[in-house]
Each structure stands twice: as C-alpha cells, then as structure tokens.
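Listing of data_5.csv, CSV, C-alpha atoms and all ligand atoms
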chain,number,residue,atom,x,y,z
A,39,MET,CA,-1.0,-22.5,-3.6
A,40,LYS,CA,0.7,-20.0,-5.9
A,41,LYS,CA,0.8,-16.5,-4.7
A,42,VAL,CA,-0.1,-13.6,-7.0
A,43,LEU,CA,0.5,-10.1,-5.9
A,44,VAL,CA,-1.8,-7.4,-7.3
A,45,VAL,CA,-0.4,-3.8,-7.1
A,46,GLU,CA,-3.2,-1.6,-8.2
A,47,ASP,CA,-4.6,1.7,-6.7
A,48,GLU,CA,-8.1,1.4,-8.2
A,49,ARG,CA,-9.7,-0.4,-5.4
A,50,ASP,CA,-12.6,-1.9,-7.4
A,51,LEU,CA,-10.3,-3.3,-10.0
A,52,ALA,CA,-7.9,-4.7,-7.3
A,53,GLU,CA,-10.8,-6.5,-5.6
A,54,LEU,CA,-12.1,-7.8,-8.9
A,55,LEU,CA,-8.6,-9.1,-9.8
A,56,ALA,CA,-8.2,-10.7,-6.3
A,57,TYR,CA,-11.7,-12.3,-6.6
A,58,ASN,CA,-10.9,-13.8,-10.0
A,59,LEU,CA,-7.4,-15.0,-9.0
A,60,GLU,CA,-8.8,-16.8,-6.0
A,61,LYS,CA,-11.5,-18.4,-8.1
A,62,GLU,CA,-8.7,-19.8,-10.3
A,63,GLY,CA,-7.0,-21.3,-7.3
A,64,TYR,CA,-4.3,-18.6,-6.6
A,65,GLN,CA,-3.7,-16.9,-3.4
A,66,ALA,CA,-4.2,-13.2,-4.1
A,67,LEU,CA,-2.3,-10.5,-2.2
A,68,VAL,CA,-3.3,-6.8,-2.8
A,69,ALA,CA,-1.2,-3.7,-2.4
A,70,GLY,CA,-2.6,-0.2,-3.2
A,71,THR,CA,0.7,1.7,-3.7
A,72,GLY,CA,4.1,1.0,-5.3
A,73,VAL,CA,5.9,1.2,-2.0
A,74,GLU,CA,3.5,-1.2,-0.3
A,75,GLY,CA,3.7,-3.5,-3.3
A,76,LEU,CA,7.5,-3.6,-3.1
A,77,GLU,CA,7.4,-4.4,0.6
A,78,THR,CA,4.8,-7.1,0.1
A,79,ALA,CA,6.8,-8.6,-2.7
A,80,ARG,CA,10.0,-8.8,-0.5
A,81,ARG,CA,8.1,-10.3,2.4
A,82,GLU,CA,5.8,-12.7,0.6
A,83,MET,CA,7.9,-13.7,-2.4
A,84,PRO,CA,4.9,-14.2,-4.8
A,85,GLU,CA,5.2,-16.4,-7.9
A,86,LEU,CA,3.9,-13.5,-10.0
A,87,ILE,CA,3.2,-9.7,-9.7
A,88,LEU,CA,0.4,-7.9,-11.5
A,89,LEU,CA,1.7,-4.4,-11.6
A,90,ASP,CA,-0.3,-1.3,-12.5
A,91,LEU,CA,1.7,1.2,-14.4
A,92,MET,CA,0.0,4.4,-13.1
A,93,LEU,CA,0.4,4.3,-9.4
A,94,PRO,CA,0.4,7.3,-7.0
A,95,GLY,CA,3.8,8.1,-5.7
A,96,MET,CA,6.0,5.4,-6.9
A,97,MET,CA,5.2,4.5,-10.6
A,98,GLY,CA,4.9,0.9,-11.8
A,99,THR,CA,8.1,1.2,-13.8
A,100,GLU,CA,10.0,2.3,-10.7
A,101,VAL,CA,8.6,-0.6,-8.7
A,102,CYS,CA,9.6,-3.0,-11.5
A,103,SER,CA,13.1,-1.5,-11.7
A,104,ALA,CA,13.5,-1.8,-7.9
A,105,LEU,CA,12.4,-5.5,-8.0
A,106,ARG,CA,14.9,-6.2,-10.7
A,107,HIS,CA,17.7,-4.6,-8.8
A,108,SER,CA,17.3,-6.8,-5.8
A,109,GLU,CA,18.9,-10.2,-5.8
A,110,LYS,CA,15.9,-11.6,-3.9
A,111,THR,CA,13.1,-10.4,-6.1
A,112,LYS,CA,14.8,-10.1,-9.5
A,113,ALA,CA,13.4,-13.3,-10.9
A,114,ILE,CA,9.7,-12.8,-10.0
A,115,PRO,CA,7.8,-12.4,-13.2
A,116,VAL,CA,6.0,-9.1,-13.6
A,117,LEU,CA,2.8,-8.6,-15.8
A,118,MET,CA,2.3,-4.9,-16.3
A,119,LEU,CA,-1.2,-3.5,-16.4
A,120,THR,CA,-1.3,-0.4,-18.7
A,121,ALA,CA,-4.0,1.9,-20.0
A,122,ARG,CA,-4.6,2.4,-23.7
A,123,GLY,CA,-2.3,5.0,-25.1
A,124,ASP,CA,0.6,4.3,-22.7
A,125,GLU,CA,2.7,3.2,-25.6
A,126,ILE,CA,5.9,5.0,-24.5
A,127,ASP,CA,5.5,4.0,-20.9
A,128,ARG,CA,5.0,0.4,-22.0
A,129,VAL,CA,8.4,0.4,-23.7
A,130,VAL,CA,9.9,1.9,-20.6
A,131,GLY,CA,8.2,-1.0,-18.7
A,132,PHE,CA,10.0,-3.6,-20.8
A,133,GLU,CA,13.3,-1.8,-20.3
A,134,MET,CA,12.7,-1.9,-16.6
A,135,GLY,CA,12.2,-5.6,-16.8
A,136,ALA,CA,8.5,-6.4,-17.1
A,137,ASP,CA,7.9,-9.8,-18.7
A,138,ASP,CA,4.6,-8.9,-20.4
A,139,TYR,CA,1.9,-6.3,-20.3
A,140,ILE,CA,-1.9,-6.3,-20.8
A,141,VAL,CA,-3.9,-3.2,-21.8
A,142,LYS,CA,-6.9,-2.0,-19.8
A,143,PRO,CA,-9.7,-2.8,-20.2
A,144,PHE,CA,-8.9,-6.5,-20.5
A,145,SER,CA,-11.1,-9.5,-20.1
A,146,MET,CA,-10.5,-11.7,-17.0
A,147,ARG,CA,-10.2,-14.7,-19.4
A,148,GLU,CA,-7.4,-13.1,-21.3
A,149,LEU,CA,-5.6,-12.1,-18.1
A,150,ILE,CA,-5.9,-15.6,-16.6
A,151,LEU,CA,-4.5,-17.1,-19.8
A,152,ARG,CA,-1.5,-14.7,-19.6
A,153,ILE,CA,-1.0,-15.6,-16.0
A,154,ARG,CA,-1.1,-19.3,-16.7
A,155,ALA,CA,1.4,-18.9,-19.5
A,156,ILE,CA,3.9,-16.9,-17.4
A,157,LEU,CA,3.6,-19.3,-14.5
A,158,ARG,CA,4.0,-22.3,-16.8
A,159,ARG,CA,7.1,-20.8,-18.2
A,160,SER,CA,8.7,-20.1,-14.9
A,161,SER,CA,7.9,-23.6,-13.6
A,162,GLN,CA,9.4,-25.2,-16.7
A,163,GLU,CA,12.5,-23.2,-16.0
A,164,LEU,CA,12.6,-24.6,-12.5
A,165,THR,CA,12.4,-28.2,-13.6
A,166,ASN,CA,14.9,-27.7,-16.4
A,167,ASN,CA,17.9,-30.1,-16.2
A,168,GLU,CA,21.5,-29.5,-15.5
A,169,ARG,CA,22.7,-29.0,-19.0
A,170,GLN,CA,25.3,-26.5,-20.1
A,171,ILE,CA,25.1,-24.8,-23.5
A,172,ASN,CA,28.0,-23.0,-25.0
A,173,ILE,CA,27.7,-21.0,-28.1
A,174,GLY,CA,30.5,-18.6,-29.1
A,175,GLN,CA,31.5,-16.6,-26.0
A,176,VAL,CA,28.1,-17.3,-24.4
A,177,SER,CA,27.7,-20.0,-21.8
A,178,ILE,CA,24.3,-21.0,-20.4
A,179,ASP,CA,24.0,-23.1,-17.2
A,180,CYS,CA,20.5,-24.6,-17.3
A,181,GLY,CA,20.7,-25.7,-13.7
A,182,SER,CA,21.6,-22.4,-12.0
A,183,HIS,CA,20.2,-20.3,-14.9
A,184,LYS,CA,23.5,-18.4,-14.9
A,185,VAL,CA,24.6,-16.9,-18.2
A,186,SER,CA,28.1,-15.7,-18.8
A,187,VAL,CA,29.7,-13.9,-21.7
A,188,SER,CA,33.5,-14.6,-22.0
A,189,GLY,CA,33.4,-15.9,-18.4
A,190,VAL,CA,31.6,-12.8,-17.0
A,191,GLU,CA,28.2,-13.4,-15.6
A,192,ILE,CA,25.4,-11.3,-16.9
A,193,ASP,CA,22.0,-10.5,-15.3
A,194,LEU,CA,18.9,-11.6,-17.3
A,195,THR,CA,15.2,-11.5,-16.5
A,196,SER,CA,13.3,-14.8,-16.6
A,197,THR,CA,12.0,-14.0,-20.1
A,198,GLU,CA,15.3,-12.9,-21.5
A,199,TYR,CA,16.9,-16.1,-20.2
A,200,LYS,CA,14.2,-18.2,-21.7
A,201,LEU,CA,14.5,-16.4,-25.0
A,202,LEU,CA,18.3,-16.8,-25.1
A,203,LEU,CA,18.0,-20.5,-24.2
A,204,TYR,CA,15.5,-21.1,-26.9
A,205,LEU,CA,17.5,-19.3,-29.6
A,206,ALA,CA,20.7,-21.1,-28.4
A,207,GLU,CA,19.0,-24.5,-28.5
A,208,HIS,CA,17.9,-23.8,-32.1
A,209,SER,CA,21.1,-22.1,-33.1
A,210,GLY,CA,21.6,-21.6,-36.9
A,211,ARG,CA,17.9,-21.8,-37.5
A,212,VAL,CA,15.6,-18.9,-38.2
A,213,MET,CA,12.9,-18.6,-35.5
A,214,LYS,CA,9.8,-16.7,-36.5
A,215,ARG,CA,8.5,-14.1,-34.1
A,216,GLU,CA,5.1,-15.9,-33.9
A,217,LEU,CA,6.9,-19.1,-33.0
A,218,LEU,CA,9.0,-17.4,-30.3
A,219,LEU,CA,5.8,-15.9,-28.8
A,220,GLN,CA,4.2,-19.3,-28.7
A,221,ASP,CA,7.2,-21.2,-27.4
A,222,VAL,CA,8.9,-18.7,-25.2
A,223,TRP,CA,5.9,-16.7,-24.0
A,224,GLY,CA,3.7,-19.7,-24.1
A,225,TYR,CA,0.7,-18.0,-25.7
A,226,ASN,CA,-2.0,-20.2,-27.2
A,227,PHE,CA,-2.7,-17.4,-29.6
A,228,VAL,CA,-0.8,-15.0,-31.9
A,229,GLY,CA,0.1,-12.1,-29.5
A,230,ASP,CA,1.9,-8.9,-30.2
A,231,THR,CA,5.1,-9.6,-31.9
A,232,ARG,CA,6.6,-6.3,-30.8
A,233,THR,CA,7.0,-8.0,-27.5
A,234,VAL,CA,9.6,-10.2,-29.1
A,235,ASP,CA,11.5,-7.3,-30.7
A,236,THR,CA,11.7,-5.4,-27.5
A,237,HIS,CA,13.1,-8.4,-25.6
A,238,VAL,CA,15.6,-9.3,-28.3
A,239,THR,CA,16.9,-5.7,-28.3
A,240,ARG,CA,17.3,-5.8,-24.5
A,241,LEU,CA,18.9,-9.3,-24.7
A,242,ARG,CA,21.4,-8.1,-27.3
A,243,ASN,CA,22.4,-5.1,-25.2
A,244,LYS,CA,23.0,-7.3,-22.2
A,245,LEU,CA,25.1,-9.8,-24.2
A,246,GLY,CA,27.4,-6.9,-25.2
A,247,ASP,CA,30.0,-8.1,-27.7
A,248,ALA,CA,28.2,-11.4,-28.1
A,249,GLY,CA,24.9,-9.6,-28.9
A,250,ASP,CA,25.8,-9.7,-32.6
A,251,MET,CA,25.2,-13.5,-32.5
A,252,VAL,CA,21.5,-12.8,-32.3
A,253,LYS,CA,20.7,-11.9,-35.9
A,254,THR,CA,17.6,-10.3,-37.3
A,255,VAL,CA,16.3,-12.1,-40.4
A,256,ARG,CA,14.2,-9.4,-42.0
A,257,GLY,CA,10.6,-10.3,-42.6
A,258,PHE,CA,11.0,-13.6,-40.6
A,259,GLY,CA,12.4,-13.4,-37.2
A,260,TYR,CA,15.7,-14.1,-35.4
A,261,LYS,CA,18.4,-16.6,-35.3
A,262,MET,CA,21.4,-17.1,-33.2
A,263,GLU,CA,24.7,-18.3,-34.6
A,264,GLU,CA,28.5,-17.8,-34.1
B,301,CA,CA,-3.7,3.2,-11.5
Would you put the structure from the file into structure tokens?
Amino acid sequence: MKKVLVVEDERDLAELLAYNLEKEGYQALVAGTGVEGLETARREMPELILLDLMLPGMMGTEVCSALRHSEKTKAIPVLMLTARGDEIDRVVGFEMGADDYIVKPFSMRELILRIRAILRRSSQELTNNERQINIGQVSIDCGSHKVSVSGVEIDLTSTEYKLLLYLAEHSGRVMKRELLLQDVWGYNFVGDTRTVDTHVTRLRNKLGDAGDMVKTVRGFGYKMEE
C-alpha cells in the first residue's frame, strides 16, 4: 500500500484528507506541524507528501526545502496545499522544490487526480530502462536518474528530471506547454501552464552553462537542442 503523508495543521481538513486517501486505497499518515511532518517523512519514507503552506512554526516552504536538502528524502514528490492569494509563496514553493500545488478550497476528486498523476509519474520513472541520453554537455542516466553537465553531477527534483528527460528525448522539436503538462505532469486536463514555466526556469538555472539548450519558443513552448 502506498503511503501518503499529510502535513496540515487544520485538524478537520487533515482528517478529511486522511479519510479520502484511505478510501482510495492509500495509507494516510498525518502530521500537524512542519517539524513533525519532517520527522515522519524521514521515518516512514512516504511515496508522496501533501504539504500545507501555512503551518505554525516551520512553514511548508521550509519543510520542502529541508526535504530537498536531504539525500534520503529529496526524491519524495511534494504536493503543496496553498490558500487563494498565496501567489508569491506558491512561487517560493516551487523554488523550494515542490512538484505541484493545489489551491484551497479544492475538490477531493481534483486532489485525488493530482495524486494519481504524481504517483504514476514517479513509478514510471522507477521502471524506466537503463538508457543513457547525451545531448551537448548534458548526460542523463535513465537507470540511476543521475544527470551531469560536463561530467559534473547536478541535483534535480523528480519533476525537473522528468521534464529534462522529456525535452531531451524530443530534442529539436518544439513542445507545447499543454503537451508538457499532459505528458510530464500527467494531467488528464489542461492545467496551469505557469507550472511549466516555473519548472523550466529552475531547470535552466540548475543546468548552468547548458541551460541555454532549453530554448523558449515564444507563443508555443520549449525545445531542447545543442
Ligand atoms: Ca494551515
């Protein structure tokens, strides 16, 4: 059974989330504070974390950052729960390494769809084969998920890795934002394309000199080429 950790200080919402997760066949773990959430994540190694942004003491963004800075927990997907109007914090959340966000109030159906999409993506990654893709200075090892630029390994989140792999596999072709959302994020619907832009920006930064290979095609999307 896949474990999903809910880090949420509103007890009613946390219980509602846990109830719906268990109804969907997941094992739900609940933590009421960021510190507790971090401890539970390290101990239980959940497949996914639903992380509230506004938490007492340690904020959701700080929890996310701490998860990403630990070798053990850095690959656990994080779905951030934000309130309407948290625009700036949401961007900060992406910078801290959240994979996706959902704005409160959300429907349980939408949340479950997002969760399924994220878990499908991460399990596809696990079953990916042992290929190695080289494009310019960038080398992607599909078995170990290690990415290096000019021989130096770089740290990517699961979403950044999937995005890079997808662009590299389709190098030279323009990929529309909607297509990236569908294939990289796995949505069955047209989501928020700003999600794509934020992740591309982060990916470019992490690629350093090789970041220029990810080109913006104004009005369409992105393409990767030497
Ligand atoms: Ca809260």
Closest atom pairs, residues of chain A within 12 Å of ligand CA 301 (chain B), only C-alpha atoms and all ligand atoms, as CSV:
residue,atom,partner,partner_atom,distance
A:Val44,CA,B:CA301,CA,11.6
A:Val45,CA,B:CA301,CA,8.9
A:Glu46,CA,B:CA301,CA,5.8
A:Asp47,CA,B:CA301,CA,5.1
A:Glu48,CA,B:CA301,CA,5.8
A:Arg49,CA,B:CA301,CA,9.3
A:Asp50,CA,B:CA301,CA,11.0
A:Leu51,CA,B:CA301,CA,9.4
A:Ala52,CA,B:CA301,CA,9.9
A:Ala69,CA,B:CA301,CA,11.7
A:Gly70,CA,B:CA301,CA,9.0
A:Thr71,CA,B:CA301,CA,9.1
A:Gly72,CA,B:CA301,CA,10.2
A:Leu88,CA,B:CA301,CA,11.8
A:Leu89,CA,B:CA301,CA,9.3
A:Asp90,CA,B:CA301,CA,5.7
A:Leu91,CA,B:CA301,CA,6.4
A:Met92,CA,B:CA301,CA,4.2
A:Leu93,CA,B:CA301,CA,4.7
A:Pro94,CA,B:CA301,CA,7.3
A:Gly95,CA,B:CA301,CA,10.7
A:Met96,CA,B:CA301,CA,11.0
A:Met97,CA,B:CA301,CA,9.0
A:Gly98,CA,B:CA301,CA,8.9
A:Met118,CA,B:CA301,CA,11.2
A:Leu119,CA,B:CA301,CA,8.7
A:Thr120,CA,B:CA301,CA,8.4
A:Ala121,CA,B:CA301,CA,8.6
A:Lys142,CA,B:CA301,CA,10.3
remark   = Atom pair atom CA of Arg154 of chain A + atom CA of Ser196 of chain A, distance 15.1 Å
request  = Select, from A:Gln175, A:Lys261, A:Cys180, A:Val187, the residue with the minimum atom-to-atom distance to Arg215 of chain A, counting all atoms listed in the file.
outcome  =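 Of A:Gln175, A:Lys261, A:Cys180, A:Val187, the one nearest Arg215 of chain A is A:Lys261, counting all atoms listed in the file.
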task = Give me the residues within 9 Å of segment 143-148 of chain A as a PyMOL selection string, counting all atoms listed in the file and dropping any in the same chain fewer than 3 places off.
result = chain A and resi 55+58+120-122+140+151-153
ask   = Quick one: distance from atom CA of Arg256 of chain A to atom CA of Thr195 of chain A in Å, one decimal?
value =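 Atom CA of Thr195 of chain A lies at a distance of 25.6 Å from atom CA of Arg256 of chain A.
The nearest approach to Glu263 of chain A among the residues A:Ile150, A:Leu241, A:Val185, A:Val176, with only C-alpha atoms taken into account, belongs to A:Val176.
Put simply, atom CA of Glu100 of chain A is 28.7 Å away from atom CA of Ala248 of chain A.
For the set A:Leu201, A:Leu117, A:Leu219, A:Ala79, the residue with the smallest atom-to-atom gap to Asp138 of chain A is A:Leu117, counting all atoms listed in the file.
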inquiry  = Here is a test: counting all atoms listed in the file, which residue of A:Leu205, A:Glu198, A:Lys253, A:Val212 is nearest to Thr233 of chain A?
reply    =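 Selected residue with least distance to Thr233 of chain A: A:Glu198.
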inquiry  = Between A:Glu109, A:Val42, A:Arg158, A:Val68, which residue has the minimum interatomic distance to Pro84 of chain A, considering only C-alpha atoms?
reply    =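 So, comparing all the options, the nearest one is A:Val42.
Distances to Ser103 of chain A were evaluated for A:Asn172, A:Met134, A:Val116, A:Tyr139 using all atoms listed in the file, and the minimum falls at A:Met134.
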task = Tell me which protein, DNA and RNA residues are within 9 Å of Glu85 of chain A, counting all atoms listed in the file, leaving out same-chain ones fewer than 6 positions away, and put them as a PyMOL selection string.
result = chain A and resi 40-43+114-115+157+160
